[in-house]
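Worksheet: one structure, shown below.
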Amino acid sequence: MKVIDLKIDKEFETLIPPLTDEEFKQLRENILSAGRVKDALTVWDGTILDGHNRWKIIQEFPEMPFRVEQMEFKTRNEAMAWMIRNQLGRRNLLNYDRARLALRLKPILVEEAKKRQATSTGGENPQLKQKSAEGVKGQVRDELAKAAGVSHDIIDKVQFIENNATYANIDA
């Protein structure tokens with residue numbers, strides 16, 4: 001795959017929390033001292049899923065050797081879920097940040113659960129639908145907690161904070 005064939009999808013790029021300036025500087029120094037990009041860029045249909053920071057460094061140093069690993073997914077949601085789980089498995093994040101990242105999986109998991117529920121429940125019983133919806137909510141929360149490696153209480157608290165907090169501009 002030629003360098004010019006790789007694409008950046010802004011939604012994919014912003015899905016994962018960015019490296020701090022210090023972390024990016026360290027990555028750049030590591031790549032330059034090694035003389036190559038050690039970890040492959042992971043792509044789906046020519047779009048970068050993992051390696052956005054490495055790609056920026058490659059753009060700065062186009063002669064830098066690197067590898068590309070192609071992944072196969074049926075849907076965009078599958079690709080995004082892989083990205084989140086991949087990051088949770090490799091980055092040293094605080095529990096809050098892990099839970100916040102895992103919460104990005106929530107709409108994907110809810111959509112998958114609704115599809116499974118639609119095929120397994122038949123009928124229009126409102127009580128059954130209510131119980132099923134509550135079960136789905138709990139299952140999704142538990143799956144998010146498991147993915148993040150935190151308790152479901154932390155997932156609930158982080159979601160509350162993210163939904164209700166107002167962020168002030170500290171630089172102002």
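In the structure tokens, the first chain shown is A, the next is B, and so on; residue numbers restart at 1 for each chain, and ligands run from 1 in the order shown.
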Q. Mind checking DSSP for chain A and telling me the alpha helix (DSSP H) residues as a ChimeraX atom specification?
A. /A:10-15,21-34,52-60,76-90,95-103,106-120,126-148,152-164
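When only C-alpha atoms are used to compute distances to Ala147 of chain A, the closest of the residues A:Asn164, A:Gln87, A:Gln159, A:Asn30 turns out to be A:Gln87.
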At a cut-off of 7 Å, can you tabulate as a tab-separated table every residue of segment 132-164 of chain A near segment 100-121 of chain A together with its closest atom pair and the distance in Å to one decimal, using only C-alpha atoms and ordering rows by chain then number?
```
residue	atom	partner	partner_atom	distance
A:Val136	CA	A:Ala113	CA	6.5
A:Val140	CA	A:Leu109	CA	6.3
A:Leu144	CA	A:Ala102	CA	5.6
A:Ala147	CA	A:Ala102	CA	6.5
A:Ala148	CA	A:Ala102	CA	5.7
A:Val158	CA	A:Arg100	CA	6.5
```
Q: Measuring atom to atom with only C-alpha atoms, identify which of A:Ala40, A:Leu49, A:Ile57, A:Ala99 is nearest to Lys25 of chain A.
A: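 When distances to Lys25 of chain A are compared using only C-alpha atoms, the smallest one comes from A:Ile57.
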Q: Quick one: everything within 12 Å of Asp153 of chain A, counting only C-alpha atoms, minus sequence neighbours fewer than 6 positions away in the same chain. Send it as a PyMOL selection string.
A: chain A and resi 95-96+99+138+141-142+144-146+159-160
Q) Leaving out Val68 of chain A and any residue of its chain fewer than 6 positions from it, which residues lie within 12 Å of it when counting only C-alpha atoms, given as a PyMOL selection string? A) chain A and resi 1-3+5-6+37-51+54-55
